[in-house]
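Colleague: Here it is: the structure, laid out below.
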Amino acid sequence: MVFKPKIAAALACVAVGCSASLAQTLQTHRIPAAVAIEAATETVSACAKQGYRETAVVVDADGATIVALRGDGAGIHSLDSAHDKAYTAVSFKNDTLALAERAQGEDSIAPLSKLPHVMFFGGGIVVKLGEETIGAIGAAGAPGAKLDDACARAGLEKIRDRLN
């Protein structure tokens, strides 16, 4: 049998072409801007009702900002904090209160907080569609991580019925 380079090249192209044609695109889901605005508004409002000046940021699954809402009187630093909490939650696919706990102890993830925009402090919660993380809400400005977390959860509750 004589080996022919042209036949080998043709077979390789067929093999590569077949495997590429079997690959499928990834299906992703997005939070619509109008829904993100509602979540941010409710987050800020829930804290305002308790007397806290809050900022809310909603990001998509990639960590890109959909909406940022700085409530009346909220500190300028709260924009960065809310963003970083949302970014951290979506990046790690976990709420930042839980991540803050993981940042302590023997198997600490604390060194990862040196990465840009990573903040292990409560107030960032993931937004999921089933098991798929489709975004996150970050809240900052209340006097404590658990208060920020509660306000972000109020924002999530406002939109939960439309996440299907």
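Residue names in the structure tokens use chain letters A, B, ... in the order shown, residue numbers from 1 in each chain, and ligand numbers from 1 in the order shown.
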If you count only C-alpha atoms, which residues fall within 8 Å of segment 72-79 of chain A, apart from same-chain ones fewer than 5 positions away, as a list of chain:residue names?
Modeller: A:Arg53, A:Glu54, A:Thr55, A:Ala56, A:Val57, A:Ala140, A:Gly141
Colleague: Would you export the selected residues with N, CA and C atoms as an mmCIF file, in the first residue's frame, please?
Modeller:
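Output (result-v8.cif):
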```
data_model
loop_
_atom_site.group_PDB
_atom_site.id
_atom_site.type_symbol
_atom_site.label_atom_id
_atom_site.label_comp_id
_atom_site.auth_asym_id
_atom_site.auth_seq_id
_atom_site.Cartn_x
_atom_site.Cartn_y
_atom_site.Cartn_z
ATOM 1 N N ARG A 53 -28.655 54.563 53.340
ATOM 2 C CA ARG A 53 -28.385 55.140 52.018
ATOM 3 C C ARG A 53 -27.598 54.117 51.218
ATOM 4 N N GLU A 54 -28.244 53.549 50.244
ATOM 5 C CA GLU A 54 -27.734 52.353 49.559
ATOM 6 C C GLU A 54 -27.495 52.605 48.080
ATOM 7 N N THR A 55 -26.559 51.827 47.530
ATOM 8 C CA THR A 55 -26.310 51.757 46.097
ATOM 9 C C THR A 55 -26.493 50.311 45.671
ATOM 10 N N ALA A 56 -27.067 50.118 44.489
ATOM 11 C CA ALA A 56 -27.243 48.773 43.938
ATOM 12 C C ALA A 56 -26.667 48.728 42.529
ATOM 13 N N VAL A 57 -25.995 47.616 42.239
ATOM 14 C CA VAL A 57 -25.468 47.357 40.896
ATOM 15 C C VAL A 57 -25.916 45.957 40.496
ATOM 16 N N ALA A 140 -24.437 48.111 48.552
ATOM 17 C CA ALA A 140 -23.449 48.698 49.462
ATOM 18 C C ALA A 140 -23.988 50.010 50.014
ATOM 19 N N GLY A 141 -23.621 50.291 51.257
ATOM 20 C CA GLY A 141 -24.001 51.557 51.877
ATOM 21 C C GLY A 141 -24.616 51.414 53.252
#
```
Colleague: If we count only C-alpha atoms, what is near Ser113 of chain A at a cut-off of 12 Å, once residues fewer than 3 positions away on the same chain are taken out, given as a VMD selection string?
Modeller: chain A and resid 84 to 85 87 to 88 92 96 99 to 100 102 to 104 108 to 110 116 to 121
Colleague: Please give the complete set of residues from chain A that DSSP, run on the backbone, assigns to strand (DSSP E or B), formatted as an MDAnalysis selection string.
Modeller: chainID A and resid 55:60 65:70 124:129 132:140
Colleague: Mind writing the picked residues with C-alpha atoms as a PDB file, in the first residue's frame?
Modeller:
```
ATOM      1  CA  THR A  55     -26.310  51.757  46.097  1.00  0.00           C
ATOM      2  CA  ALA A  56     -27.243  48.773  43.938  1.00  0.00           C
ATOM      3  CA  VAL A  57     -25.468  47.357  40.896  1.00  0.00           C
ATOM      4  CA  VAL A  58     -26.818  44.537  38.738  1.00  0.00           C
ATOM      5  CA  VAL A  59     -24.365  42.680  36.496  1.00  0.00           C
ATOM      6  CA  ASP A  60     -24.849  40.039  33.823  1.00  0.00           C
ATOM      7  CA  THR A  65     -22.860  46.201  34.557  1.00  0.00           C
ATOM      8  CA  ILE A  66     -26.470  46.297  33.415  1.00  0.00           C
ATOM      9  CA  VAL A  67     -27.573  49.014  35.848  1.00  0.00           C
ATOM     10  CA  ALA A  68     -26.074  51.015  38.685  1.00  0.00           C
ATOM     11  CA  LEU A  69     -28.321  53.051  40.982  1.00  0.00           C
ATOM     12  CA  ARG A  70     -26.876  55.233  43.713  1.00  0.00           C
ATOM     13  CA  GLY A 124     -23.474  40.401  46.624  1.00  0.00           C
ATOM     14  CA  ILE A 125     -26.014  37.741  45.664  1.00  0.00           C
ATOM     15  CA  VAL A 126     -26.238  35.593  42.574  1.00  0.00           C
ATOM     16  CA  VAL A 127     -29.232  35.653  40.255  1.00  0.00           C
ATOM     17  CA  LYS A 128     -30.012  32.201  38.920  1.00  0.00           C
ATOM     18  CA  LEU A 129     -32.281  30.686  36.334  1.00  0.00           C
ATOM     19  CA  GLU A 132     -27.526  28.672  35.722  1.00  0.00           C
ATOM     20  CA  THR A 133     -26.005  31.847  37.148  1.00  0.00           C
ATOM     21  CA  ILE A 134     -27.267  34.665  34.919  1.00  0.00           C
ATOM     22  CA  GLY A 135     -26.098  37.654  36.939  1.00  0.00           C
ATOM     23  CA  ALA A 136     -25.780  39.159  40.387  1.00  0.00           C
ATOM     24  CA  ILE A 137     -26.974  42.042  42.522  1.00  0.00           C
ATOM     25  CA  GLY A 138     -24.498  44.006  44.610  1.00  0.00           C
ATOM     26  CA  ALA A 139     -25.581  46.304  47.439  1.00  0.00           C
ATOM     27  CA  ALA A 140     -23.449  48.698  49.462  1.00  0.00           C
TER      28      ALA A 140
END
```
Colleague: Out of A:Ala86, A:Gly144, A:Cys151, A:Ile159, which residue has the shortest atom-to-atom distance to Pro32 of chain A when counting only C-alpha atoms?
Modeller: A:Ile159
Colleague: Might you pull out every residue within 9 Å of Thr41 of chain A, with only C-alpha atoms counted and same-chain residues fewer than 3 positions away left off, and present them as a ChimeraX atom specification?
Modeller: /A:36-38,44-46,56,69,71,155
Colleague: Hey, which of A:Leu115, A:Ala142, A:Ala154, A:Ala61 ends up closest to Thr28 of chain A? Count only C-alpha atoms.
Modeller: A:Ala61
Colleague: If you run DSSP over the backbone, which residues in chain A end up helix (DSSP H, G or I)? Put them as a PyMOL selection string.
Modeller: chain A and resi 5-22+33-48+77-92+96-102+110-114+145-162
Colleague: Save out the residues we just selected, C-alpha atoms, as a short mmCIF file (atom, residue, chain, number, x, y, z; two decimals), in the first residue's frame.
Modeller:
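Below is the file that was written, result_11.cif:
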```cif
data_model
loop_
_atom_site.label_atom_id
_atom_site.label_comp_id
_atom_site.auth_asym_id
_atom_site.auth_seq_id
_atom_site.Cartn_x
_atom_site.Cartn_y
_atom_site.Cartn_z
CA PRO A 5 -0.05 12.71 1.47
CA LYS A 6 -3.07 14.17 -0.33
CA ILE A 7 -5.31 11.35 0.88
CA ALA A 8 -4.00 11.74 4.44
CA ALA A 9 -4.64 15.50 4.33
CA ALA A 10 -8.15 14.95 3.00
CA LEU A 11 -8.92 12.43 5.76
CA ALA A 12 -7.61 14.84 8.40
CA CYS A 13 -9.84 17.62 7.08
CA VAL A 14 -12.85 15.33 7.14
CA ALA A 15 -12.07 14.26 10.73
CA VAL A 16 -11.64 17.85 11.93
CA GLY A 17 -14.70 19.00 10.01
CA CYS A 18 -16.86 16.28 11.51
CA SER A 19 -15.86 17.04 15.09
CA ALA A 20 -16.41 20.78 14.53
CA SER A 21 -19.83 20.17 13.03
CA LEU A 22 -20.85 18.14 16.09
CA ALA A 33 -32.49 45.80 31.42
CA ALA A 34 -36.03 46.61 32.60
CA VAL A 35 -35.91 43.73 35.10
CA ALA A 36 -32.43 44.74 36.28
CA ILE A 37 -33.70 48.28 36.88
CA GLU A 38 -36.54 46.91 39.02
CA ALA A 39 -34.13 44.80 41.06
CA ALA A 40 -31.79 47.74 41.66
CA THR A 41 -34.67 50.06 42.53
CA GLU A 42 -36.09 47.61 45.05
CA THR A 43 -32.66 47.02 46.59
CA VAL A 44 -32.15 50.75 47.18
CA SER A 45 -35.75 51.22 48.32
CA ALA A 46 -35.64 48.33 50.82
CA CYS A 47 -32.63 49.90 52.52
CA ALA A 48 -34.07 53.43 52.36
CA HIS A 77 -17.48 54.74 47.39
CA SER A 78 -20.66 52.64 47.46
CA LEU A 79 -20.69 52.55 43.63
CA ASP A 80 -17.39 50.67 43.57
CA SER A 81 -18.31 48.48 46.53
CA ALA A 82 -21.68 47.46 45.09
CA HIS A 83 -20.09 46.70 41.72
CA ASP A 84 -17.30 44.63 43.25
CA LYS A 85 -19.75 42.63 45.38
CA ALA A 86 -21.91 41.84 42.33
CA TYR A 87 -18.83 41.04 40.22
CA THR A 88 -17.46 38.73 42.93
CA ALA A 89 -20.78 36.93 43.36
CA VAL A 90 -21.19 36.26 39.64
CA SER A 91 -17.51 35.35 39.17
CA PHE A 92 -17.52 32.80 41.97
CA THR A 96 -20.50 37.05 49.00
CA LEU A 97 -21.58 36.35 52.59
CA ALA A 98 -20.75 32.68 52.00
CA LEU A 99 -17.52 33.66 50.23
CA ALA A 100 -16.55 35.87 53.19
CA GLU A 101 -16.78 32.80 55.42
CA ARG A 102 -14.61 30.82 52.98
CA ALA A 110 -8.55 35.29 50.93
CA PRO A 111 -5.51 35.54 48.60
CA LEU A 112 -7.96 35.76 45.69
CA SER A 113 -9.18 39.11 47.05
CA LYS A 114 -6.05 40.62 45.49
CA ALA A 145 -22.66 43.23 55.35
CA LYS A 146 -25.79 41.42 56.50
CA LEU A 147 -27.89 44.56 55.99
CA ASP A 148 -26.52 45.00 52.45
CA ASP A 149 -27.24 41.32 51.82
CA ALA A 150 -30.85 41.68 53.01
CA CYS A 151 -31.43 44.66 50.74
CA ALA A 152 -29.99 42.82 47.71
CA ARG A 153 -32.26 39.87 48.53
CA ALA A 154 -35.26 42.21 48.52
CA GLY A 155 -34.23 43.22 45.00
CA LEU A 156 -34.01 39.58 43.94
CA GLU A 157 -37.41 38.78 45.45
CA LYS A 158 -38.94 41.62 43.42
CA ILE A 159 -37.92 39.95 40.14
CA ARG A 160 -37.86 36.25 41.11
CA ASP A 161 -41.19 35.39 39.45
CA ARG A 162 -39.84 36.59 36.08
#
```
Colleague: Which distance in Å separates atom CA of Asn94 of chain A and atom CA of Asn164 of chain A, to one decimal?
Modeller: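 For atom CA of Asn94 of chain A relative to atom CA of Asn164 of chain A, the distance reads 19.5 Å.
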Colleague: Grab the atom CA of Glu106 of chain A to atom CA of Asp62 of chain A distance for me, in Å with one decimal place.
Modeller: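 Going from atom CA of Glu106 of chain A over to atom CA of Asp62 of chain A, I get 29.6 Å.
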